[in-house]
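So this one's start11.txt, compact mmCIF, C-alpha atoms:
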# COMPACT_ATOMS: atom_id res chain seq x y z
CA MET T 1 160.31 -9.91 116.08
CA ILE T 2 158.42 -11.85 118.77
CA GLU T 3 154.69 -12.20 119.29
CA ALA T 4 153.12 -14.48 121.88
CA ASP T 5 149.33 -14.45 121.97
CA LYS T 6 147.38 -15.84 124.95
CA LEU T 7 149.72 -18.74 125.70
CA THR T 8 148.54 -21.30 128.21
CA VAL T 9 150.83 -24.11 129.36
CA ILE T 10 149.61 -26.83 131.73
CA PHE T 11 151.90 -29.51 133.14
CA ARG T 12 150.01 -32.64 134.12
CA ARG T 13 151.50 -34.67 136.97
CA GLY T 14 149.48 -37.89 137.00
CA PRO T 15 145.90 -38.92 137.79
CA PHE T 16 145.95 -38.04 141.49
CA ARG T 17 147.94 -34.80 141.45
CA LYS T 18 146.72 -31.33 140.58
CA PRO T 19 148.07 -30.00 137.25
CA ILE T 20 150.45 -27.04 137.29
CA VAL T 21 149.33 -24.05 135.22
CA ALA T 22 152.67 -22.54 134.24
CA LEU T 23 151.33 -19.88 131.84
CA GLN T 24 147.86 -18.29 131.77
CA ARG T 25 146.95 -16.30 128.64
CA PHE T 26 150.53 -15.03 128.41
CA SER T 27 150.89 -12.33 125.73
CA ILE T 28 153.88 -10.17 124.80
CA GLN T 29 155.21 -8.28 121.78
CA VAL T 30 158.88 -7.54 121.13
CA GLN T 31 159.79 -5.06 118.40
CA GLN T 32 162.93 -4.99 116.29
CA GLY T 33 165.74 -3.18 118.11
CA ASP T 34 164.31 -3.74 121.60
CA ILE T 35 166.21 -4.86 124.64
CA PHE T 36 163.21 -6.52 126.20
CA GLY T 37 163.11 -7.73 129.79
CA LEU T 38 160.76 -10.38 131.16
CA LEU T 39 160.79 -9.71 134.89
CA GLY T 40 159.29 -11.80 137.65
CA PRO T 41 160.06 -13.82 140.79
CA ASN T 42 161.35 -17.37 140.66
CA GLY T 43 158.52 -19.69 139.63
CA ALA T 44 156.60 -16.98 137.77
CA GLY T 45 156.82 -18.89 134.46
CA LYS T 46 159.60 -16.94 132.75
CA SER T 47 161.61 -19.97 131.60
CA THR T 48 158.47 -21.76 130.44
CA ALA T 49 157.58 -18.73 128.33
CA LEU T 50 161.10 -18.69 126.87
CA TYR T 51 160.90 -22.39 125.98
CA CYS T 52 157.67 -21.66 124.09
CA LEU T 53 159.42 -18.88 122.15
CA LEU T 54 162.25 -21.28 121.30
CA GLY T 55 159.84 -23.99 120.15
CA LEU T 56 160.96 -26.36 122.92
CA ILE T 57 157.50 -26.44 124.53
CA ARG T 58 154.26 -26.46 122.58
CA PRO T 59 151.60 -24.48 124.48
CA ASN T 60 148.22 -26.03 125.19
CA HIS T 61 146.56 -22.90 123.84
CA GLY T 62 147.70 -19.74 122.06
CA SER T 63 150.20 -18.98 119.33
CA VAL T 64 153.85 -17.91 118.97
CA ARG T 65 155.62 -16.11 116.12
CA VAL T 66 159.38 -15.52 116.13
CA LEU T 67 160.95 -13.65 113.21
CA GLY T 68 157.65 -14.09 111.42
CA GLU T 69 157.55 -17.89 111.78
CA SER T 70 156.18 -20.48 114.15
CA PRO T 71 159.28 -21.79 116.00
CA GLN T 72 160.03 -25.48 115.50
CA PRO T 73 163.17 -27.35 116.66
CA GLY T 74 165.70 -27.41 113.84
CA SER T 75 164.01 -24.62 111.89
CA ALA T 76 166.20 -22.45 109.64
CA LEU T 77 164.99 -19.36 111.55
CA PHE T 78 167.37 -20.29 114.39
CA GLU T 79 170.37 -19.52 112.20
CA GLY T 80 169.72 -15.91 113.22
CA VAL T 81 169.02 -16.67 116.90
CA ALA T 82 171.45 -16.96 119.84
CA TYR T 83 170.48 -18.48 123.19
CA VAL T 84 172.29 -18.70 126.53
CA PRO T 85 170.36 -20.89 129.02
CA GLU T 86 170.27 -20.37 132.76
CA GLU T 87 172.12 -23.67 133.31
CA PRO T 88 174.46 -24.25 130.34
CA HIS T 89 175.41 -27.88 129.66
CA TYR T 90 178.44 -28.30 127.43
CA HIS T 91 180.58 -31.16 126.17
CA LEU T 92 182.87 -31.26 129.19
CA TYR T 93 185.83 -32.83 127.38
CA LEU T 94 186.27 -29.72 125.19
CA THR T 95 188.55 -26.86 126.11
CA VAL T 96 187.15 -23.35 126.35
CA GLU T 97 188.52 -22.49 122.90
CA GLU T 98 187.23 -25.72 121.36
CA ALA T 99 183.78 -25.18 122.89
CA VAL T 100 183.41 -21.62 121.59
CA SER T 101 184.63 -22.68 118.14
CA TYR T 102 182.39 -25.76 117.97
CA TYR T 103 179.18 -24.13 119.17
CA GLY T 104 179.82 -21.15 116.91
CA SER T 105 180.15 -23.49 113.92
CA LEU T 106 176.60 -24.81 114.50
CA TYR T 107 175.26 -21.58 113.00
CA ARG T 108 176.42 -22.89 109.59
CA HIS T 109 178.73 -19.92 109.16
CA GLU T 110 182.49 -20.17 108.94
CA VAL T 111 184.03 -18.94 112.18
CA SER T 112 187.63 -17.79 111.94
CA LYS T 113 190.17 -18.46 114.67
CA MET T 114 190.63 -14.70 114.99
CA LYS T 115 186.92 -14.26 115.74
CA VAL T 116 187.08 -17.02 118.36
CA ASN T 117 190.12 -15.39 119.97
CA GLU T 118 188.42 -11.98 120.03
CA ALA T 119 185.26 -13.40 121.65
CA ILE T 120 187.25 -15.30 124.29
CA GLN T 121 189.27 -12.19 125.08
CA ARG T 122 186.12 -10.06 125.31
CA VAL T 123 184.68 -12.23 128.09
CA GLY T 124 187.98 -12.47 129.97
CA LEU T 125 188.79 -16.13 129.33
CA THR T 126 192.06 -15.77 127.39
CA GLU T 127 194.21 -17.28 130.13
CA PHE T 128 191.75 -20.19 130.42
CA ARG T 129 191.42 -20.95 126.69
CA ASP T 130 193.08 -24.39 127.10
CA LEU T 131 191.17 -25.31 130.26
CA LYS T 132 188.70 -28.18 129.98
CA VAL T 133 185.08 -27.07 130.37
CA SER T 134 184.71 -29.77 133.05
CA ARG T 135 187.05 -27.73 135.25
CA CYS T 136 185.35 -24.38 134.64
CA SER T 137 183.31 -22.65 137.30
CA LYS T 138 179.64 -21.86 136.78
CA GLY T 139 180.46 -18.26 135.90
CA MET T 140 183.12 -19.34 133.41
CA LYS T 141 180.66 -21.66 131.68
CA GLN T 142 178.27 -18.72 131.41
CA LYS T 143 181.05 -16.73 129.75
CA VAL T 144 181.56 -19.53 127.20
CA GLY T 145 177.93 -19.11 126.15
CA ILE T 146 178.24 -15.34 125.97
CA ALA T 147 181.43 -15.66 123.88
CA THR T 148 179.57 -17.86 121.41
CA CYS T 149 176.92 -15.15 120.99
CA LEU T 150 179.66 -12.64 120.19
CA LEU T 151 180.98 -14.66 117.22
CA THR T 152 178.25 -13.33 114.96
CA THR T 153 175.66 -10.57 115.08
CA PRO T 154 172.46 -12.57 115.60
CA ARG T 155 169.14 -10.99 114.75
CA LEU T 156 167.70 -12.14 118.07
CA VAL T 157 169.40 -13.05 121.36
CA PHE T 158 167.64 -14.96 124.16
CA LEU T 159 169.22 -14.82 127.62
CA ASP T 160 167.85 -16.72 130.63
CA GLU T 161 169.13 -15.22 133.92
CA PRO T 162 172.32 -14.19 132.08
CA THR T 163 174.33 -12.72 134.97
CA ARG T 164 173.86 -15.70 137.26
CA GLY T 165 177.31 -16.81 138.39
CA LEU T 166 179.11 -13.72 137.06
CA ASP T 167 181.26 -11.56 139.31
CA PRO T 168 180.39 -7.83 139.64
CA VAL T 169 183.09 -6.69 137.19
CA MET T 170 181.98 -9.18 134.54
CA THR T 171 178.34 -8.25 135.14
CA ARG T 172 179.12 -4.63 134.29
CA GLU T 173 181.14 -5.66 131.22
CA PHE T 174 178.34 -7.99 130.15
CA ARG T 175 175.88 -5.10 130.15
CA GLU T 176 178.21 -3.19 127.83
CA MET T 177 178.38 -6.22 125.53
CA LEU T 178 174.59 -6.32 125.34
CA LEU T 179 174.41 -2.64 124.47
CA ASP T 180 177.08 -3.14 121.77
CA LEU T 181 175.19 -6.08 120.29
CA ASN T 182 172.01 -4.05 120.28
CA ARG T 183 173.72 -1.11 118.55
CA GLN T 184 174.96 -3.56 115.91
CA GLY T 185 171.38 -4.61 115.16
CA SER T 186 170.52 -7.45 117.55
CA THR T 187 167.18 -7.53 119.33
CA ILE T 188 167.66 -8.91 122.85
CA PHE T 189 165.25 -10.78 125.12
CA ILE T 190 166.25 -11.18 128.79
CA ASN T 191 164.63 -13.29 131.50
CA SER T 192 165.47 -12.09 134.99
CA HIS T 193 164.17 -11.79 138.54
CA ILE T 194 166.62 -8.95 139.31
CA LEU T 195 165.06 -5.52 138.80
CA SER T 196 168.38 -3.64 138.66
CA GLU T 197 169.64 -5.95 135.88
CA VAL T 198 166.60 -5.28 133.71
CA GLU T 199 166.42 -1.59 134.57
CA SER T 200 170.04 -0.97 133.55
CA VAL T 201 169.74 -2.18 129.94
CA CYS T 202 166.13 -2.74 128.87
CA ASN T 203 163.96 -0.22 127.02
CA ARG T 204 160.78 -2.33 127.31
CA VAL T 205 159.67 -4.69 130.07
CA ALA T 206 156.91 -7.15 130.87
CA ILE T 207 156.28 -8.00 134.52
CA MET T 208 154.78 -11.39 135.26
CA GLN T 209 153.62 -13.40 138.22
CA ARG T 210 152.04 -16.86 138.47
CA GLY T 211 152.07 -17.29 134.71
CA ARG T 212 150.35 -14.01 133.89
CA VAL T 213 151.65 -10.74 132.47
CA LEU T 214 150.70 -8.03 134.95
CA ALA T 215 152.15 -5.07 133.03
CA GLN T 216 153.98 -4.45 129.76
CA ASP T 217 155.31 -1.09 128.66
CA GLU T 218 158.31 1.14 128.05
CA MET T 219 160.72 1.07 130.99
CA THR T 220 160.47 4.85 131.40
CA ARG T 221 156.70 4.65 131.79
CA LEU T 222 156.82 1.78 134.27
CA LEU T 223 159.29 3.72 136.42
CA ARG T 224 157.16 6.86 136.37
CA THR T 225 155.29 7.48 139.63
CA ASP T 226 152.13 9.57 139.62
CA SER T 227 150.91 8.77 143.10
CA ASP T 228 150.18 11.62 145.53
CA SER T 229 149.96 9.32 148.55
CA TYR T 230 152.81 8.21 150.81
CA ALA T 231 153.23 5.59 153.50
CA VAL T 232 155.15 6.50 156.65
CA GLU T 233 156.21 3.99 159.31
CA CYS T 234 157.13 5.13 162.84
CA ASP T 235 158.47 3.29 165.86
CA ALA T 236 156.51 3.57 169.06
CA ALA T 237 157.71 6.45 171.28
CA ALA T 238 159.79 5.40 174.27
CA ASN T 239 158.17 5.96 177.69
Translate this structure into structure tokens?
Amino acid sequence: MIEADKLTVIFRRGPFRKPIVALQRFSIQVQQGDIFGLLGPNGAGKSTALYCLLGLIRPNHGSVRVLGESPQPGSALFEGVAYVPEEPHYHLYLTVEEAVSYYGSLYRHEVSKMKVNEAIQRVGLTEFRDLKVSRCSKGMKQKVGIATCLLTTPRLVFLDEPTRGLDPVMTREFREMLLDLNRQGSTIFINSHILSEVESVCNRVAIMQRGRVLAQDEMTRLLRTDSDSYAVECDAAAN
């Protein structure tokens, strides 16, 4: 489904400033049916990697294949791809219902009003369906993006820090939505810096830092501990 091979991305900042190496020989493989987590601290290069997979950034070196093709903006392959960015930017004059309906229609599939209603209800926005997006909170805007993903069963779903801005109840419900989508046939790719978020849903994970992939394996193997050594910390004894 996804193959990134030795990606290097360098951002140049002018003649007198040191370039930023955002990705260094970044390589991952995502198989059909995976819920794949890309885990790393802020600034590790996760979003840059995602932009390469979406065809929004062309790497300086390396290659990318998504659904068997090289991703290019406007390519037909994105008819089977859903994406919720970390910071969604919507047409603020639309209502919640209008936004979900409009963005769903961009997939070139007819979206029924019933489907829109079901998606809005699923993310808990029914009572806010007529609210302008300009008046929505950050978490509510995130739900609009999630609702759009639920209108179809995309082959591949990209999520960049998906639970940012969601309350604890919605975070739990969101995880169930991801598992449902996956059971229906969607492969899911999640960027996150929160270990518990990735651990709760992902079957495969890549851990990255400073633009490099440090480890990539099944979640169960990465959680396995084979060490026979322990560290013990003690406070100094009182006199």
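Using only C-alpha atoms, the nearest neighbour of Gly104 in chain T within the list T:Cys136, T:Leu77, T:Leu131, T:Thr153 is T:Thr153.
Of the listed residues T:Met170, T:Ala22, T:Cys202, T:Ile188, the one whose atoms come nearest to Val157 in chain T is T:Ile188, with distances taken using only C-alpha atoms.
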Considering only C-alpha atoms, return as a ChimeraX atom specification whatever protein or nucleic-acid residues lie within 8 Å of Leu166 in chain T, sequence-local ones (same chain, fewer than 2 positions apart) excluded.
/T:139-140,142,163-164,168,170-171
Report as a compact mmCIF listing (two decimals) with C-alpha atoms, in the frame of the given file all protein, DNA and RNA residues lying within 10 Å of Ser200 in chain T, evaluated on all atoms listed in the file, omitting residues in the same chain fewer than 5 positions from it.
# COMPACT_ATOMS: atom_id res chain seq x y z
CA ARG T 172 179.12 -4.63 134.29
CA ARG T 175 175.88 -5.10 130.15
CA LEU T 195 165.06 -5.52 138.80
CA MET T 219 160.72 1.07 130.99
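The shortest atom-to-atom distance to Ala4 in chain T, with all atoms listed in the file taken into account, belongs to T:Ile28 out of T:Ile28, T:Ile35, T:Val205, T:Ala82.
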As an mmCIF file with C-alpha atoms, in the coordinates of the input, please: the residues near Arg129 in chain T (cut-off 12 Å, all atoms listed in the file, same-chain neighbours under 2 positions excluded).
data_model
loop_
_atom_site.group_PDB
_atom_site.id
_atom_site.type_symbol
_atom_site.label_atom_id
_atom_site.label_comp_id
_atom_site.auth_asym_id
_atom_site.auth_seq_id
_atom_site.Cartn_x
_atom_site.Cartn_y
_atom_site.Cartn_z
ATOM 1 C CA LEU T 94 186.270 -29.720 125.190
ATOM 2 C CA THR T 95 188.550 -26.860 126.110
ATOM 3 C CA VAL T 96 187.150 -23.350 126.350
ATOM 4 C CA GLU T 97 188.520 -22.490 122.900
ATOM 5 C CA GLU T 98 187.230 -25.720 121.360
ATOM 6 C CA ALA T 99 183.780 -25.180 122.890
ATOM 7 C CA VAL T 100 183.410 -21.620 121.590
ATOM 8 C CA SER T 101 184.630 -22.680 118.140
ATOM 9 C CA VAL T 116 187.080 -17.020 118.360
ATOM 10 C CA ASN T 117 190.120 -15.390 119.970
ATOM 11 C CA GLU T 118 188.420 -11.980 120.030
ATOM 12 C CA ALA T 119 185.260 -13.400 121.650
ATOM 13 C CA ILE T 120 187.250 -15.300 124.290
ATOM 14 C CA GLN T 121 189.270 -12.190 125.080
ATOM 15 C CA VAL T 123 184.680 -12.230 128.090
ATOM 16 C CA GLY T 124 187.980 -12.470 129.970
ATOM 17 C CA LEU T 125 188.790 -16.130 129.330
ATOM 18 C CA THR T 126 192.060 -15.770 127.390
ATOM 19 C CA GLU T 127 194.210 -17.280 130.130
ATOM 20 C CA LEU T 131 191.170 -25.310 130.260
ATOM 21 C CA LYS T 132 188.700 -28.180 129.980
ATOM 22 C CA VAL T 133 185.080 -27.070 130.370
ATOM 23 C CA ARG T 135 187.050 -27.730 135.250
ATOM 24 C CA CYS T 136 185.350 -24.380 134.640
ATOM 25 C CA MET T 140 183.120 -19.340 133.410
ATOM 26 C CA LYS T 141 180.660 -21.660 131.680
ATOM 27 C CA LYS T 143 181.050 -16.730 129.750
ATOM 28 C CA VAL T 144 181.560 -19.530 127.200
ATOM 29 C CA ALA T 147 181.430 -15.660 123.880
#
CA of Pro154 in chain T and CA of His61 in chain T, how far apart in Å?
29.1 Å
May I ask which of the residues T:Val64, T:Val81, T:Leu56, T:Leu178 is the closest one to Glu197 in chain T, counting all atoms listed in the file?
T:Leu178
Find the distance between CA of Asp217 in chain T and CA of Phe174 in chain T and write it in Å to one decimal.
24.1 Å
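Distance annotation: of T:Arg155, T:Arg204, T:Arg17, T:Arg212, the residue with the minimal separation from Gln184 in chain T is T:Arg155; atom set is only C-alpha atoms.
Each of T:Arg224, T:Arg122, T:His91, T:Arg25 was checked against Arg210 in chain T using all atoms listed in the file; the smallest atom-to-atom distance is that of T:Arg25.
The space between CA of Lys113 in chain T and CA of Thr148 in chain T spans 12.6 Å.
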Pick out the residues sitting within 9 Å of Cys52 in chain T, and hand them over as a ChimeraX atom specification; count only C-alpha atoms, and ignore anything fewer than 3 positions along from it in its own chain.
/T:4,7,9,47-49,55-59,64,71
Keeping only C-alpha atoms, write those residues as a tab-separated table (two decimals), in the coordinates of the input.
chain	number	residue	atom	x	y	z
T	4	ALA	CA	153.12	-14.48	121.88
T	7	LEU	CA	149.72	-18.74	125.70
T	9	VAL	CA	150.83	-24.11	129.36
T	47	SER	CA	161.61	-19.97	131.60
T	48	THR	CA	158.47	-21.76	130.44
T	49	ALA	CA	157.58	-18.73	128.33
T	55	GLY	CA	159.84	-23.99	120.15
T	56	LEU	CA	160.96	-26.36	122.92
T	57	ILE	CA	157.50	-26.44	124.53
T	58	ARG	CA	154.26	-26.46	122.58
T	59	PRO	CA	151.60	-24.48	124.48
T	64	VAL	CA	153.85	-17.91	118.97
T	71	PRO	CA	159.28	-21.79	116.00
Can you list, as a ChimeraX atom specification, every protein, DNA or RNA residue that comes within 12 Å of Lys46 in chain T when you count all atoms listed in the file, leaving out same-chain residues fewer than 4 positions away?
/T:9,22-24,26,28,37-42,50-53,86,158-161,189-193,206-213
Around range 72-88 of chain T, fit a box with edges along x, y and z, padding it by 6 Å on each side, then list its centre and edge lengths in Å to one decimal as JSON.
{"center_x": 167.2, "center_y": -21.7, "center_z": 121.5, "size_x": 26.4, "size_y": 23.5, "size_z": 35.7}
